[in-house]
Amino acid sequence: MSPRLLPFLLLLPLLLPWPALAAGCPSVTERMAPLLGVQAELEAGEPLTIVALGSSSTEGAGASSPQASYPNQLEAALRGKLPGVELRVINAGKSGETSQEMLARLDSDVLGHAPDLVIWQAGGNEVLLGRDPAAFLDLMRQGLRRLRQAGVEVVLMDNQRAPRILDAPASARFDAAMQALAEEQRVPLFARSRLMRGWQAAGLPSAEVLAADGLHHNDRGYACLAQALAAALIRSAGQRDTQLAAH
């Protein structure tokens with residue numbers, strides 16, 4: 001390889017638009033429970049504010065730039081699917097945080113934006129730190145109660161199927177805990193673990209959507225995650241996917 005090409009190749013992910021990054025994503029459907037509040041906002045023509053709360057997977061660790069994080073790509077995807085809707089997706093992810101630390105900044109970093117919807121990705125650092133799933137569930141219940149009292153709808157997001165997560169002893173217990181929490185609290189769950197199994201079955205191995213650290217997504221992984229999440233949100237909010245209808 002010519003040394004002159006190396007800088008261009010390193011910058012290539014930054015130059016590609018979101019549709020190009022997402023072009024190689026399998027068409028795997030992840031269905032969620034209805035989001036009636038978001039549906040009402042959209043049908044009334046109101047602006048839509050989404051806050052993505054989480055840790056490094058939300059902040060964008062492993063991506064080539066902040067623009068490649070899943071919240072940024074989710075906003076681009078939703079704008080394409082909901083033309084004419086005024087919307088924004090705010091990235092409130094902070095690397096290394098547990099649910100307890102997220103709970104501590106719920107007022108300042110989440111509710112302060114007056115969101116219509118919060119996508120709450122949590123549990124990964126608890127798995128890596130060997131925390132108790134029962135204590136995790138108690139903290140999540142507190143957060144969900146505060147969000148519900150504020151009139152905010154929530155979508156939960158579980159952990160990615162990455163080697164460092166899967167090798168942790170409590171990994172399966174946390175996946176089960178998040179599923180149980182969603183059922184108990186009657187909130188939608190965007191099951192990233194199930195989605196990635198679907199990608200694998202469709203011919204996209206996890207190694208191609210994960211960064212070299214064996215934990216976080218790479219640009220392609222974040223693009224595919226945003227694409228699948230956008231489609232799930234559109235369905236759950238009772239909206240017609242204009243991009244699909246155009247094909």
# chains A, B, ... in the order shown; residues from 1 in each chain; ligands from 1
call {"tool": "select_by_dssp", "arguments": {"residues": "stretch 128-192 of chain A", "states": "helix (DSSP H, G or I)", "output": "number ranges by chain"}}
result
A: 128-129, 133-149, 163-166, 171-185, 192
call {"tool": "closest_residue", "arguments": {"among": "A:Asp132, A:Glu97, A:Glu30, A:Glu184", "to": "A:Pro169", "atoms": "only C-alpha atoms"}}
result
A:Asp132
call {"tool": "closest_residue", "arguments": {"among": "A:Gln67, A:Leu195, A:Gly203, A:Glu153", "to": "A:Glu41", "atoms": "only C-alpha atoms"}}
result
A:Glu153
call {"tool": "select_by_dssp", "arguments": {"residues": "stretch 117-240 of chain A", "states": "strand (DSSP E or B)", "output": "NGL selection string"}}
result
:A and (117-121 or 153-157 or 189-190 or 210 or 217)
call {"tool": "write_last_selection", "arguments": {"atoms": "C-alpha atoms", "output": "PDB file, in the first residue's frame"}}
result
ATOM      1  CA  LEU A 117     -38.397   9.707  24.889  1.00  0.00           C
ATOM      2  CA  VAL A 118     -35.341   8.351  26.685  1.00  0.00           C
ATOM      3  CA  ILE A 119     -33.369   5.414  25.309  1.00  0.00           C
ATOM      4  CA  TRP A 120     -31.608   3.977  28.351  1.00  0.00           C
ATOM      5  CA  GLN A 121     -28.634   1.711  27.653  1.00  0.00           C
ATOM      6  CA  GLU A 153     -41.499   7.370  27.727  1.00  0.00           C
ATOM      7  CA  VAL A 154     -38.533   5.005  27.929  1.00  0.00           C
ATOM      8  CA  VAL A 155     -36.943   2.353  25.741  1.00  0.00           C
ATOM      9  CA  LEU A 156     -34.436   0.101  27.498  1.00  0.00           C
ATOM     10  CA  MET A 157     -31.365  -1.217  25.680  1.00  0.00           C
ATOM     11  CA  LEU A 189     -36.862  -3.285  25.325  1.00  0.00           C
ATOM     12  CA  PHE A 190     -34.571  -2.881  22.350  1.00  0.00           C
ATOM     13  CA  LEU A 210     -17.011  -4.531  16.968  1.00  0.00           C
ATOM     14  CA  HIS A 217     -19.010  -1.216  18.364  1.00  0.00           C
TER      15      HIS A 217
END
call {"tool": "residues_around", "arguments": {"residues": "A:Gln142", "least_positions_apart": "6", "cutoff": "12 Å", "atoms": "only C-alpha atoms", "output": "VMD selection string"}}
result
chain A and resid 99 to 100 102 to 104 106 135 to 136 148 to 149 181 185
call {"tool": "closest_residue", "arguments": {"among": "A:Arg145, A:Arg186, A:Arg194, A:Arg105", "to": "A:Pro34", "atoms": "only C-alpha atoms"}}
result
A:Arg186
